[in-house]
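J.: For reference, this is entry-v2.csv, and it has CSV, C-alpha atoms.
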```
chain,number,residue,atom,x,y,z
H,22,MET,CA,-47.2,28.7,14.5
H,23,ASN,CA,-48.4,25.1,14.4
H,24,LEU,CA,-51.6,24.9,12.3
H,25,ARG,CA,-52.9,21.7,14.0
H,26,PHE,CA,-53.9,23.8,17.1
H,27,ILE,CA,-56.3,26.1,15.2
H,28,PRO,CA,-59.3,23.7,15.4
H,29,ALA,CA,-58.7,23.3,19.1
H,30,LEU,CA,-58.6,27.1,19.6
H,31,LEU,CA,-61.8,27.6,17.6
H,32,LEU,CA,-63.5,24.9,19.8
H,33,VAL,CA,-62.4,26.7,23.0
H,34,ALA,CA,-63.6,30.0,21.7
H,35,ALA,CA,-67.0,28.6,20.8
H,36,CYS,CA,-67.5,27.1,24.3
H,37,GLN,CA,-67.0,30.3,26.2
H,38,ALA,CA,-69.7,31.5,28.6
H,39,PRO,CA,-72.7,33.3,27.0
H,40,VAL,CA,-72.8,37.1,27.2
H,41,PRO,CA,-74.9,38.1,30.2
H,42,GLN,CA,-78.3,39.8,29.5
H,43,ARG,CA,-78.6,43.5,29.8
H,44,GLY,CA,-81.3,45.0,32.0
H,45,ASP,CA,-82.8,43.8,35.3
H,46,PRO,CA,-81.1,40.5,36.5
H,47,ARG,CA,-84.4,39.4,38.0
H,48,LEU,CA,-85.8,38.9,34.4
H,49,ILE,CA,-84.5,35.8,32.7
H,50,LEU,CA,-85.3,35.4,29.0
H,51,THR,CA,-84.6,32.1,27.3
H,52,PRO,CA,-83.7,31.9,24.5
H,53,ASN,CA,-82.8,35.5,23.6
H,54,VAL,CA,-85.2,36.4,20.7
H,55,GLN,CA,-84.0,38.9,18.1
H,56,GLY,CA,-86.0,42.1,18.2
H,57,LEU,CA,-88.1,41.3,21.3
H,58,SER,CA,-88.2,44.3,23.6
H,59,ILE,CA,-88.8,43.8,27.3
H,60,SER,CA,-89.5,46.7,29.7
H,61,GLU,CA,-87.8,47.0,33.0
H,62,PRO,CA,-90.2,45.6,35.7
H,63,SER,CA,-92.6,47.9,37.3
H,64,VAL,CA,-92.8,46.9,41.0
H,65,ALA,CA,-95.6,48.3,43.3
H,66,THR,CA,-96.9,47.4,46.7
H,67,GLY,CA,-100.7,47.2,47.2
H,68,PRO,CA,-102.6,48.4,50.2
H,69,ASP,CA,-102.5,44.8,51.6
H,70,GLY,CA,-98.7,44.9,51.5
H,71,ARG,CA,-98.3,42.5,48.6
H,72,MET,CA,-95.9,43.2,45.7
H,73,ARG,CA,-97.2,43.4,42.2
H,74,VAL,CA,-94.8,43.1,39.2
H,75,THR,CA,-95.6,44.2,35.6
H,76,VAL,CA,-93.5,43.6,32.6
H,77,ASN,CA,-94.3,44.7,29.0
H,78,ILE,CA,-93.1,42.8,26.0
H,79,PHE,CA,-93.1,44.2,22.5
H,80,ASN,CA,-93.0,41.6,19.8
H,81,PRO,CA,-92.3,43.1,16.3
H,82,GLY,CA,-92.0,39.6,14.7
H,83,GLY,CA,-94.3,36.7,14.2
H,84,ASP,CA,-96.7,35.1,16.7
H,85,PHE,CA,-95.3,32.6,19.1
H,86,PRO,CA,-96.1,31.1,22.6
H,87,LEU,CA,-94.7,32.4,25.9
H,88,ARG,CA,-94.3,30.4,29.1
H,89,TYR,CA,-93.6,32.6,32.1
H,90,GLN,CA,-93.1,31.9,35.8
H,91,THR,CA,-92.6,34.2,38.7
H,92,ASP,CA,-90.7,32.9,41.8
H,93,TRP,CA,-91.3,35.0,44.9
H,94,LEU,CA,-88.5,35.3,47.4
H,95,ASP,CA,-88.7,36.0,51.2
H,96,SER,CA,-86.5,38.5,53.1
H,97,SER,CA,-83.6,36.0,53.2
H,98,GLY,CA,-83.7,35.3,49.4
H,99,ARG,CA,-85.3,31.9,49.7
H,100,PRO,CA,-88.1,30.9,47.3
H,101,MET,CA,-91.6,31.0,48.7
H,102,SER,CA,-93.8,28.0,47.8
H,103,SER,CA,-97.2,29.0,46.4
H,104,LEU,CA,-99.6,28.4,43.5
H,105,GLN,CA,-98.6,31.9,42.1
H,106,SER,CA,-95.2,30.4,41.3
H,107,ARG,CA,-96.5,27.8,38.8
H,108,PRO,CA,-95.9,28.3,35.1
H,109,ALA,CA,-98.5,30.2,33.0
H,110,PHE,CA,-98.9,30.5,29.2
H,111,ARG,CA,-99.7,33.4,26.9
H,112,SER,CA,-99.4,34.0,23.2
H,113,LEU,CA,-97.2,36.8,21.9
H,114,ALA,CA,-99.0,38.3,18.9
H,115,ARG,CA,-97.1,40.0,16.2
H,116,ALA,CA,-96.7,43.8,16.4
H,117,THR,CA,-98.3,44.1,19.9
H,118,VAL,CA,-97.4,44.8,23.5
H,119,THR,CA,-98.2,42.0,25.9
H,120,SER,CA,-98.3,42.9,29.7
H,121,ILE,CA,-97.4,40.2,32.2
H,122,ASP,CA,-98.6,40.9,35.7
H,123,ALA,CA,-97.7,38.9,38.8
H,124,ASP,CA,-99.0,39.3,42.3
H,125,ALA,CA,-97.0,38.1,45.4
H,126,PRO,CA,-98.7,35.3,47.4
H,127,SER,CA,-98.2,37.2,50.7
H,128,PRO,CA,-96.8,40.4,52.2
H,129,ALA,CA,-93.7,38.3,53.2
H,130,ALA,CA,-92.5,38.4,49.6
H,131,ARG,CA,-89.6,40.8,49.3
H,132,ASP,CA,-88.2,40.1,45.8
H,133,PHE,CA,-88.9,38.1,42.7
H,134,ARG,CA,-87.4,36.3,39.7
H,135,MET,CA,-89.4,36.1,36.5
H,136,THR,CA,-88.5,33.6,33.8
H,137,LEU,CA,-89.8,34.1,30.3
H,138,ASP,CA,-89.4,31.1,28.0
H,139,VAL,CA,-90.1,32.0,24.4
H,140,ASP,CA,-90.7,29.3,21.9
H,141,SER,CA,-89.9,31.2,18.8
H,142,PRO,CA,-90.8,29.9,15.3
```
Could you rewrite the structure in this file as C-alpha cells?
T.:
Amino acid sequence: MNLRFIPALLLVAACQAPVPQRGDPRLILTPNVQGLSISEPSVATGPDGRMRVTVNIFNPGGDFPLRYQTDWLDSSGRPMSSLQSRPAFRSLARATVTSIDADAPSPAARDFRMTLDVDSP
C-alpha cells in the first residue's frame, strides 16, 4: 500500500456527514451538548384549536444560555409568519429541568420545528 494516501484518507473520513440526532426530528439541537437530556415533545391542542408544544430539558452540567425558536408549519408544510416564531432566550441552570412551551399563532398550524441553540461554556 502506498503510504502517501493515508493523510488523504484521514481527511475524507473526517469530512463525512455528522451522525443524525436521535429522537424527534422536529427538535434540532445545535451543538450537541454532552449530558443534556431533552424529552420528546408533548403536543396538545387547546379548546381554541391551537397547538401547544412543551419540551423539558435536563441540564446536569454547568449554567449556560439557551436560544430557542419554534417555527410553525401549515397543512402543506410551509412556515407560517408570526411573532411567535421569533427567537427567545432562557438560561439553563445546573442540575435543573427547564420547560420550554410554545403556542401556535393560529389553529391553521399543523406542525412545528423547534431549534435549540445551546451556547455551552
J.: Nearest to Ser112 of chain H: which of H:Met72, H:Leu57, H:Leu48, H:Val139 is it, counting only C-alpha atoms?
T.: H:Val139
J.: Quick one: pull the distance between atom CA of Ala116 of chain H and atom CA of Asn80 of chain H, Å, one decimal.
T.: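 Going from atom CA of Ala116 of chain H over to atom CA of Asn80 of chain H covers 5.5 Å.
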J.: Please determine, counting only C-alpha atoms, which residue among H:Ile59, H:Asp92, H:Arg47, H:Gln105 has the shortest atom-to-atom distance to Phe79 of chain H.
T.: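 For Phe79 of chain H, the nearest of the candidates is H:Ile59.
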J.: To one decimal in Å, tell me the separation between atom CA of Pro52 of chain H and atom CA of Asp138 of chain H.
T.: 6.7 Å
J.: For a cut-off of 7 Å around (-86.9, 32.4, 38.4), file coordinates, pick out all residues using only C-alpha atoms and list them as a PyMOL selection string.
T.: chain H and resi 90-92+134-136
J.: Give me, please, the distance in Å between atom CA of Ala129 of chain H and atom CA of Asp95 of chain H, quoted to one decimal.
T.: 5.9 Å
J.: Which residues are near Ala109 of chain H? Cut-off 9 Å, all atoms listed in the file, ignore same chain within fewer than 6 positions. Put them as a list in words.
T.: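 Counting only the stated atoms, we get Leu87, Arg88, Tyr89 and Gln90 of chain H.
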J.: With all atoms listed in the file as the atoms that count, which of H:Ser97, H:Ser60, H:Ser102, H:Thr117 lies nearest to Val74 of chain H?
T.: H:Ser60
J.: Which one of H:Ala123, H:Leu50, H:Leu113, H:Val118 sits closest to Ser63 of chain H if you count only C-alpha atoms?
T.: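 Ranking H:Ala123, H:Leu50, H:Leu113, H:Val118 by distance to Ser63 of chain H, first place goes to H:Ala123.
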J.: In terms of the shortest atom-to-atom distance over all atoms listed in the file, which of H:Gly67, H:Arg115, H:Ala125, H:Pro100 is closest to Phe85 of chain H?
T.: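 Answer, going by the shortest atom-to-atom distance: H:Arg115.
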J.: So which residues are close to (-96.5, 43.3, 43.2), meaning at most 10 Å away in the file's coordinates with only C-alpha atoms counted, and can you show them as a count of residues only?
T.: 23
J.: Quick one: of H:Ile121, H:Ile49, H:Arg107, H:Gly44, who's nearest to Glu61 of chain H, counting only C-alpha atoms?
T.: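 When distances to Glu61 of chain H are compared using only C-alpha atoms, the smallest one comes from H:Gly44.
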